[in-house]
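Source file: work20.pdb; contents: PDB, C-alpha atoms and all ligand atoms.
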```pdb
ATOM      1  CA  MET X   1     -35.302 -31.070 -38.374
ATOM      2  CA  LYS X   2     -35.619 -29.452 -34.939
ATOM      3  CA  LYS X   3     -34.368 -31.850 -32.260
ATOM      4  CA  VAL X   4     -35.473 -31.807 -28.624
ATOM      5  CA  ILE X   5     -33.958 -33.693 -25.669
ATOM      6  CA  THR X   6     -35.189 -34.358 -22.157
ATOM      7  CA  TYR X   7     -33.937 -36.487 -19.254
ATOM      8  CA  GLY X   8     -35.562 -38.559 -16.567
ATOM      9  CA  THR X   9     -36.289 -41.817 -14.775
ATOM     10  CA  TYR X  10     -39.855 -42.255 -16.094
ATOM     11  CA  ASP X  11     -40.747 -44.984 -13.613
ATOM     12  CA  LEU X  12     -44.410 -46.035 -13.096
ATOM     13  CA  LEU X  13     -45.416 -43.895 -16.082
ATOM     14  CA  HIS X  14     -48.154 -41.376 -15.316
ATOM     15  CA  VAL X  15     -49.954 -38.404 -16.871
ATOM     16  CA  GLY X  16     -47.309 -35.952 -15.625
ATOM     17  CA  HIS X  17     -44.704 -37.771 -17.688
ATOM     18  CA  ILE X  18     -46.968 -37.870 -20.748
ATOM     19  CA  ASN X  19     -47.796 -34.143 -20.416
ATOM     20  CA  LEU X  20     -44.079 -33.369 -20.319
ATOM     21  CA  LEU X  21     -43.266 -35.559 -23.325
ATOM     22  CA  ARG X  22     -46.181 -34.177 -25.378
ATOM     23  CA  ARG X  23     -45.183 -30.554 -24.728
ATOM     24  CA  ALA X  24     -41.504 -31.331 -25.349
ATOM     25  CA  LYS X  25     -42.337 -32.874 -28.731
ATOM     26  CA  GLU X  26     -44.455 -29.824 -29.604
ATOM     27  CA  LEU X  27     -41.249 -27.750 -29.405
ATOM     28  CA  GLY X  28     -39.653 -29.592 -32.345
ATOM     29  CA  ASP X  29     -39.835 -32.476 -34.781
ATOM     30  CA  TYR X  30     -37.790 -35.172 -33.048
ATOM     31  CA  LEU X  31     -37.710 -35.995 -29.340
ATOM     32  CA  ILE X  32     -34.860 -37.831 -27.644
ATOM     33  CA  VAL X  33     -35.353 -39.053 -24.074
ATOM     34  CA  ALA X  34     -32.185 -39.697 -22.084
ATOM     35  CA  LEU X  35     -33.413 -42.340 -19.666
ATOM     36  CA  SER X  36     -31.731 -42.745 -16.292
ATOM     37  CA  THR X  37     -30.072 -46.140 -15.945
ATOM     38  CA  ASP X  38     -30.599 -48.146 -12.765
ATOM     39  CA  GLU X  39     -27.017 -47.367 -11.757
ATOM     40  CA  PHE X  40     -27.489 -43.619 -12.338
ATOM     41  CA  ASN X  41     -30.725 -43.728 -10.353
ATOM     42  CA  ALA X  42     -28.815 -45.159  -7.404
ATOM     43  CA  GLY X  43     -26.767 -41.958  -7.530
ATOM     44  CA  LYS X  44     -30.037 -39.964  -7.452
ATOM     45  CA  HIS X  45     -31.056 -42.050  -4.412
ATOM     46  CA  LYS X  46     -33.899 -43.369  -6.532
ATOM     47  CA  GLU X  47     -34.767 -47.026  -7.058
ATOM     48  CA  ALA X  48     -37.076 -47.490 -10.027
ATOM     49  CA  TYR X  49     -39.692 -50.241  -9.838
ATOM     50  CA  HIS X  50     -39.224 -51.065 -13.536
ATOM     51  CA  SER X  51     -35.776 -51.920 -14.886
ATOM     52  CA  PHE X  52     -34.038 -49.627 -17.371
ATOM     53  CA  GLU X  53     -34.797 -52.132 -20.154
ATOM     54  CA  ASP X  54     -38.517 -52.149 -19.334
ATOM     55  CA  ARG X  55     -38.690 -48.355 -18.879
ATOM     56  CA  LYS X  56     -36.998 -48.009 -22.284
ATOM     57  CA  ILE X  57     -39.523 -50.312 -23.997
ATOM     58  CA  ILE X  58     -42.383 -48.371 -22.398
ATOM     59  CA  LEU X  59     -41.003 -44.971 -23.479
ATOM     60  CA  GLU X  60     -40.315 -46.194 -27.031
ATOM     61  CA  ALA X  61     -44.008 -47.097 -27.300
ATOM     62  CA  ILE X  62     -45.072 -43.478 -26.704
ATOM     63  CA  LYS X  63     -45.961 -41.653 -29.924
ATOM     64  CA  TYR X  64     -44.165 -38.439 -28.826
ATOM     65  CA  VAL X  65     -40.842 -40.242 -28.297
ATOM     66  CA  ASP X  66     -38.529 -40.805 -31.277
ATOM     67  CA  GLU X  67     -35.412 -42.138 -29.568
ATOM     68  CA  VAL X  68     -34.318 -43.278 -26.117
ATOM     69  CA  ILE X  69     -30.681 -43.110 -25.031
ATOM     70  CA  PRO X  70     -29.193 -43.989 -21.611
ATOM     71  CA  GLU X  71     -28.488 -41.357 -18.994
ATOM     72  CA  THR X  72     -25.468 -42.621 -17.077
ATOM     73  CA  SER X  73     -24.001 -39.420 -15.601
ATOM     74  CA  TRP X  74     -24.742 -35.795 -14.678
ATOM     75  CA  GLU X  75     -21.921 -34.707 -16.999
ATOM     76  CA  GLN X  76     -23.209 -36.081 -20.292
ATOM     77  CA  LYS X  77     -25.690 -33.349 -21.239
ATOM     78  CA  ILE X  78     -23.346 -31.041 -23.206
ATOM     79  CA  THR X  79     -21.955 -34.004 -25.138
ATOM     80  CA  ASP X  80     -25.468 -35.321 -25.782
ATOM     81  CA  VAL X  81     -26.584 -31.910 -27.094
ATOM     82  CA  LEU X  82     -23.560 -31.575 -29.393
ATOM     83  CA  ASP X  83     -23.392 -35.191 -30.590
ATOM     84  CA  ASN X  84     -27.137 -35.336 -31.361
ATOM     85  CA  LYS X  85     -27.278 -31.773 -32.776
ATOM     86  CA  VAL X  86     -30.030 -30.911 -30.296
ATOM     87  CA  ASP X  87     -31.793 -27.544 -30.634
ATOM     88  CA  VAL X  88     -33.901 -27.552 -27.453
ATOM     89  CA  PHE X  89     -33.305 -28.983 -23.961
ATOM     90  CA  VAL X  90     -36.503 -29.448 -21.940
ATOM     91  CA  MET X  91     -37.156 -30.338 -18.293
ATOM     92  CA  GLY X  92     -39.994 -29.905 -15.823
ATOM     93  CA  ASP X  93     -39.697 -26.693 -13.801
ATOM     94  CA  ASP X  94     -38.770 -28.577 -10.617
ATOM     95  CA  TRP X  95     -35.368 -28.350 -12.297
ATOM     96  CA  LYS X  96     -35.684 -24.636 -13.156
ATOM     97  CA  GLY X  97     -32.248 -23.051 -13.324
ATOM     98  CA  SER X  98     -30.358 -26.323 -12.826
ATOM     99  CA  PHE X  99     -29.292 -26.698 -16.439
ATOM    100  CA  ASP X 100     -28.891 -23.072 -17.581
ATOM    101  CA  PHE X 101     -25.258 -23.836 -18.506
ATOM    102  CA  LEU X 102     -26.720 -25.548 -21.567
ATOM    103  CA  LYS X 103     -27.876 -22.139 -22.898
ATOM    104  CA  ASP X 104     -24.416 -21.844 -24.525
ATOM    105  CA  TYR X 105     -25.291 -24.867 -26.682
ATOM    106  CA  CYS X 106     -29.060 -24.922 -27.201
ATOM    107  CA  GLU X 107     -32.376 -23.400 -26.120
ATOM    108  CA  VAL X 108     -33.273 -24.351 -22.514
ATOM    109  CA  VAL X 109     -36.975 -24.690 -21.627
ATOM    110  CA  TYR X 110     -38.462 -25.553 -18.224
ATOM    111  CA  LEU X 111     -42.104 -26.603 -18.453
ATOM    112  CA  PRO X 112     -44.616 -26.421 -15.585
ATOM    113  CA  ARG X 113     -44.954 -29.743 -13.785
ATOM    114  CA  THR X 114     -48.322 -31.490 -13.688
ATOM    115  CA  GLU X 115     -49.657 -30.961 -10.173
ATOM    116  CA  GLY X 116     -50.993 -33.766  -7.981
ATOM    117  CA  VAL X 117     -49.202 -36.704  -9.553
ATOM    118  CA  SER X 118     -45.778 -38.248  -9.062
ATOM    119  CA  THR X 119     -44.208 -41.672  -8.952
ATOM    120  CA  THR X 120     -43.532 -41.125  -5.231
ATOM    121  CA  LYS X 121     -47.223 -40.354  -4.618
ATOM    122  CA  ILE X 122     -48.309 -43.458  -6.541
ATOM    123  CA  LYS X 123     -46.026 -45.642  -4.406
ATOM    124  CA  SER X 124     -47.204 -43.993  -1.200
ATOM    125  CA  ASP X 125     -50.906 -44.199  -2.081
ATOM    126  CA  LEU X 126     -50.629 -47.877  -2.993
ATOM    127  CA  HIS X 127     -48.692 -48.646   0.192
ATOM    128  CA  ASN X 128     -51.347 -47.009   2.365
ATOM    129  CA  ARG X 129     -54.330 -48.761   0.806
TER     130      ARG X 129
HETATM  131  N1  LIG Y 201     -42.677 -34.350 -14.382
HETATM  132  C1  LIG Y 201     -43.728 -33.451 -14.554
HETATM  133  N2  LIG Y 201     -44.811 -33.513 -13.741
HETATM  134  C2  LIG Y 201     -44.891 -34.461 -12.764
HETATM  135  C3  LIG Y 201     -43.842 -35.383 -12.580
HETATM  136  C4  LIG Y 201     -42.731 -35.314 -13.417
HETATM  137  O1  LIG Y 201     -43.675 -32.582 -15.449
HETATM  138  N3  LIG Y 201     -45.999 -34.485 -11.967
HETATM  139  C5  LIG Y 201     -41.512 -34.250 -15.263
HETATM  140  C6  LIG Y 201     -40.222 -33.933 -14.513
HETATM  141  O2  LIG Y 201     -40.115 -32.534 -14.270
HETATM  142  C7  LIG Y 201     -39.165 -34.431 -15.498
HETATM  143  C8  LIG Y 201     -39.872 -35.632 -16.178
HETATM  144  O3  LIG Y 201     -41.279 -35.491 -15.900
HETATM  145  O4  LIG Y 201     -38.885 -33.435 -16.479
HETATM  146  C9  LIG Y 201     -39.385 -36.968 -15.665
HETATM  147  O5  LIG Y 201     -39.560 -36.987 -14.264
HETATM  148  P1  LIG Y 201     -38.634 -38.001 -13.405
HETATM  149  O6  LIG Y 201     -38.670 -39.347 -14.028
HETATM  150  O7  LIG Y 201     -38.976 -37.819 -11.961
HETATM  151  O8  LIG Y 201     -37.188 -37.383 -13.701
HETATM  152  P2  LIG Y 201     -36.062 -36.956 -12.639
HETATM  153  O9  LIG Y 201     -35.855 -38.022 -11.630
HETATM  154  O10 LIG Y 201     -36.402 -35.589 -12.204
HETATM  155  O11 LIG Y 201     -34.744 -37.008 -13.551
HETATM  156  O12 LIG Y 201     -30.733 -35.406 -15.426
HETATM  157  C10 LIG Y 201     -32.039 -35.080 -15.003
HETATM  158  C11 LIG Y 201     -32.665 -36.193 -14.237
HETATM  159  O13 LIG Y 201     -32.466 -37.451 -14.854
HETATM  160  C12 LIG Y 201     -34.150 -35.900 -14.093
END
```

So that I can check it, write out the structure of this file as structure tokens.
Ligand code: C2G
Amino acid sequence: MKKVITYGTYDLLHVGHINLLRRAKELGDYLIVALSTDEFNAGKHKEAYHSFEDRKIILEAIKYVDEVIPETSWEQKITDVLDNKVDVFVMGDDWKGSFDFLKDYCEVVYLPRTEGVSTTKIKSDLHNR
């Protein structure tokens, strides 16, 4: 079984997130999403609208997602890859190059982002209505 992992906040779920998850799943048989906790988001200077618990329930309902684990630190990726026997690490290409150190442990794939949509844009558009 080919296992894939990806990381993110996945707040205010939108088509860019779904496009990423669909393409990530197409690279293997089992997709793990390491979901940023509210505490970890604070470190990313991000404040999700939905709580970690709610974002986890939402992700687990997506047919491409097989498992959701918490992302609590920047340093957990190597351990996650080894402990879960991951074959492929996937992120959107806004992160291109940021995680190449993982190439010693698994395949690293950066996928093109979906243009024109983001959680930040959703918040901004709604605020300016
Ligand atoms: N994404 C995308 N297209 C968009 C928006 C997001 O492909 N229009 C992708 C991002 O590249 C990322 C995933 O969707 O791979 C989740 O996006 P975020 O929730 O914004 O994740 P981020 O805050 O970048 O967290 O350790 C890594 C971090 O946790 C990544």

Residues at most 9 Å from Tyr110 in chain X, counting only C-alpha atoms, excluding those fewer than 2 positions away in the same chain, as an mmCIF file with C-alpha atoms, in the coordinates of the input?
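Here's the written file part.cif:
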```cif
data_model
loop_
_atom_site.group_PDB
_atom_site.id
_atom_site.type_symbol
_atom_site.label_atom_id
_atom_site.label_comp_id
_atom_site.auth_asym_id
_atom_site.auth_seq_id
_atom_site.Cartn_x
_atom_site.Cartn_y
_atom_site.Cartn_z
ATOM 1 C CA PHE X 89 -33.305 -28.983 -23.961
ATOM 2 C CA VAL X 90 -36.503 -29.448 -21.940
ATOM 3 C CA MET X 91 -37.156 -30.338 -18.293
ATOM 4 C CA GLY X 92 -39.994 -29.905 -15.823
ATOM 5 C CA ASP X 93 -39.697 -26.693 -13.801
ATOM 6 C CA ASP X 94 -38.770 -28.577 -10.617
ATOM 7 C CA TRP X 95 -35.368 -28.350 -12.297
ATOM 8 C CA LYS X 96 -35.684 -24.636 -13.156
ATOM 9 C CA GLY X 97 -32.248 -23.051 -13.324
ATOM 10 C CA VAL X 108 -33.273 -24.351 -22.514
ATOM 11 C CA PRO X 112 -44.616 -26.421 -15.585
ATOM 12 C CA ARG X 113 -44.954 -29.743 -13.785
#
```

The centre and edge lengths of an axis-aligned box containing all atoms of ligand LIG 201 (chain Y) present in the file, extended by 3 Å on each side, are to be given in Å to one decimal, as lines of an AutoDock Vina configuration file.
```
center_x = -38.4
center_y = -35.9
center_z = -14.1
size_x = 21.3
size_y = 12.8
size_z = 10.8
```

Would you mind listing the residues within 6 Å of ligand LIG 201 (chain Y), counting all atoms listed in the file, as a list in words?
-> Tyr7, Gly8, Thr9, Tyr10, Gly16, His17, Leu20, Ser36, Met91, Gly92, Asp93, Asp94, Arg113, Thr114, Glu115, Val117 and Ser118 of chain X

Keeping only C-alpha atoms, take the residues you just selected and write them out as a PDB file, keeping the file's coordinate frame.
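The resulting part.pdb:
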```
ATOM      1  CA  TYR X   7     -33.937 -36.487 -19.254  1.00  0.00           C
ATOM      2  CA  GLY X   8     -35.562 -38.559 -16.567  1.00  0.00           C
ATOM      3  CA  THR X   9     -36.289 -41.817 -14.775  1.00  0.00           C
ATOM      4  CA  TYR X  10     -39.855 -42.255 -16.094  1.00  0.00           C
ATOM      5  CA  GLY X  16     -47.309 -35.952 -15.625  1.00  0.00           C
ATOM      6  CA  HIS X  17     -44.704 -37.771 -17.688  1.00  0.00           C
ATOM      7  CA  LEU X  20     -44.079 -33.369 -20.319  1.00  0.00           C
ATOM      8  CA  SER X  36     -31.731 -42.745 -16.292  1.00  0.00           C
ATOM      9  CA  MET X  91     -37.156 -30.338 -18.293  1.00  0.00           C
ATOM     10  CA  GLY X  92     -39.994 -29.905 -15.823  1.00  0.00           C
ATOM     11  CA  ASP X  93     -39.697 -26.693 -13.801  1.00  0.00           C
ATOM     12  CA  ASP X  94     -38.770 -28.577 -10.617  1.00  0.00           C
ATOM     13  CA  ARG X 113     -44.954 -29.743 -13.785  1.00  0.00           C
ATOM     14  CA  THR X 114     -48.322 -31.490 -13.688  1.00  0.00           C
ATOM     15  CA  GLU X 115     -49.657 -30.961 -10.173  1.00  0.00           C
ATOM     16  CA  VAL X 117     -49.202 -36.704  -9.553  1.00  0.00           C
ATOM     17  CA  SER X 118     -45.778 -38.248  -9.062  1.00  0.00           C
TER      18      SER X 118
END
```

Please evaluate the PyMOL selection byres (((chain X and resi 107) around 7) and not hetatm) against the displayed coordinates and give the resulting residues as a ChimeraX atom specification.
-> /X:87-89,103,106,108-109

Preceding selection exported with C-alpha atoms as a CSV table (one decimal), in the coordinates of the input:
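Writing the result to selection-v8.csv gives the following:
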```csv
chain,number,residue,atom,x,y,z
X,87,ASP,CA,-31.8,-27.5,-30.6
X,88,VAL,CA,-33.9,-27.6,-27.5
X,89,PHE,CA,-33.3,-29.0,-24.0
X,103,LYS,CA,-27.9,-22.1,-22.9
X,106,CYS,CA,-29.1,-24.9,-27.2
X,108,VAL,CA,-33.3,-24.4,-22.5
X,109,VAL,CA,-37.0,-24.7,-21.6
```

Local residues around (-50.1, -42.3, -8.9), at most 12 Å away, using only C-alpha atoms, as JSON, numbers by chain = {"X": [11, 12, 13, 14, 15, 16, 17, 114, 115, 116, 117, 118, 119, 120, 121, 122, 123, 124, 125, 126, 127]}

With distances taken over all atoms listed in the file, which of X:Leu111, X:Tyr30, X:Phe40, X:Lys3 is nearest to Tyr64 in chain X?
-> X:Tyr30

Quick one: apply the PyMOL selection byres (((chain X and resi 32) around 12) and not hetatm) to the file and drop the selected residues here as a ChimeraX atom specification.
-> /X:2-8,21,24-25,28-31,33-35,56,59-60,62-71,80-81,84-90

Which of these, X:Glu26, X:Asp100, X:Asp83, X:Asp38, has the shortest distance to Phe52 in chain X once you count only C-alpha atoms?
-> X:Asp38

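For the pair CA of Asn41 in chain X and CA of Thr72 in chain X, the separation is 8.6 Å.
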
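The space separating CA of Glu39 in chain X from CA of Leu102 in chain X comes to 23.9 Å.
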
Å distance separating CA of Ser51 in chain X from CA of Arg129 in chain X, one decimal place |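 Computing it gives 24.5 Å between the two atoms.
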
Best match for closeness to Lys44 in chain X among X:Asp104, X:Thr79, X:Phe99, X:Ser73, counting all atoms listed in the file = X:Ser73

Put range 12-29 of chain X into a file with N, CA and C atoms, as a short mmCIF file (atom, residue, chain, number, x, y, z; two decimals), in the first residue's frame.
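Printed below is part.cif as written:
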```cif
data_model
loop_
_atom_site.label_atom_id
_atom_site.label_comp_id
_atom_site.auth_asym_id
_atom_site.auth_seq_id
_atom_site.Cartn_x
_atom_site.Cartn_y
_atom_site.Cartn_z
N LEU X 12 -11.97 26.85 6.54
CA LEU X 12 -12.92 27.36 5.52
C LEU X 12 -12.67 26.62 4.21
N LEU X 13 -12.88 25.33 4.23
CA LEU X 13 -12.55 24.42 3.12
C LEU X 13 -13.02 24.97 1.77
N HIS X 14 -12.15 24.91 0.79
CA HIS X 14 -12.50 25.43 -0.54
C HIS X 14 -11.91 24.52 -1.62
N VAL X 15 -12.19 24.86 -2.89
CA VAL X 15 -11.85 23.97 -4.00
C VAL X 15 -10.33 23.79 -4.13
N GLY X 16 -9.57 24.78 -3.69
CA GLY X 16 -8.10 24.62 -3.74
C GLY X 16 -7.65 23.49 -2.84
N HIS X 17 -8.27 23.41 -1.66
CA HIS X 17 -7.94 22.31 -0.74
C HIS X 17 -8.34 20.96 -1.35
N ILE X 18 -9.55 20.92 -1.91
CA ILE X 18 -10.04 19.65 -2.48
C ILE X 18 -9.18 19.22 -3.67
N ASN X 19 -8.78 20.18 -4.51
CA ASN X 19 -7.89 19.85 -5.65
C ASN X 19 -6.57 19.26 -5.16
N LEU X 20 -6.06 19.81 -4.08
CA LEU X 20 -4.79 19.31 -3.53
C LEU X 20 -4.98 17.89 -2.99
N LEU X 21 -6.03 17.69 -2.22
CA LEU X 21 -6.27 16.38 -1.61
C LEU X 21 -6.55 15.32 -2.67
N ARG X 22 -7.29 15.66 -3.71
CA ARG X 22 -7.60 14.71 -4.78
C ARG X 22 -6.30 14.29 -5.50
N ARG X 23 -5.47 15.27 -5.85
CA ARG X 23 -4.23 14.94 -6.56
C ARG X 23 -3.26 14.19 -5.66
N ALA X 24 -3.25 14.54 -4.36
CA ALA X 24 -2.37 13.81 -3.43
C ALA X 24 -2.79 12.35 -3.35
N LYS X 25 -4.08 12.10 -3.25
CA LYS X 25 -4.57 10.72 -3.16
C LYS X 25 -4.26 9.93 -4.42
N GLU X 26 -4.28 10.64 -5.58
CA GLU X 26 -3.98 9.97 -6.85
C GLU X 26 -2.54 9.46 -6.91
N LEU X 27 -1.70 9.95 -6.00
CA LEU X 27 -0.28 9.53 -6.00
C LEU X 27 -0.07 8.26 -5.19
N GLY X 28 -1.12 7.74 -4.55
CA GLY X 28 -0.97 6.51 -3.76
C GLY X 28 -2.30 5.85 -3.50
N ASP X 29 -2.31 5.09 -2.37
CA ASP X 29 -3.53 4.34 -2.03
C ASP X 29 -4.16 4.82 -0.73
#
```
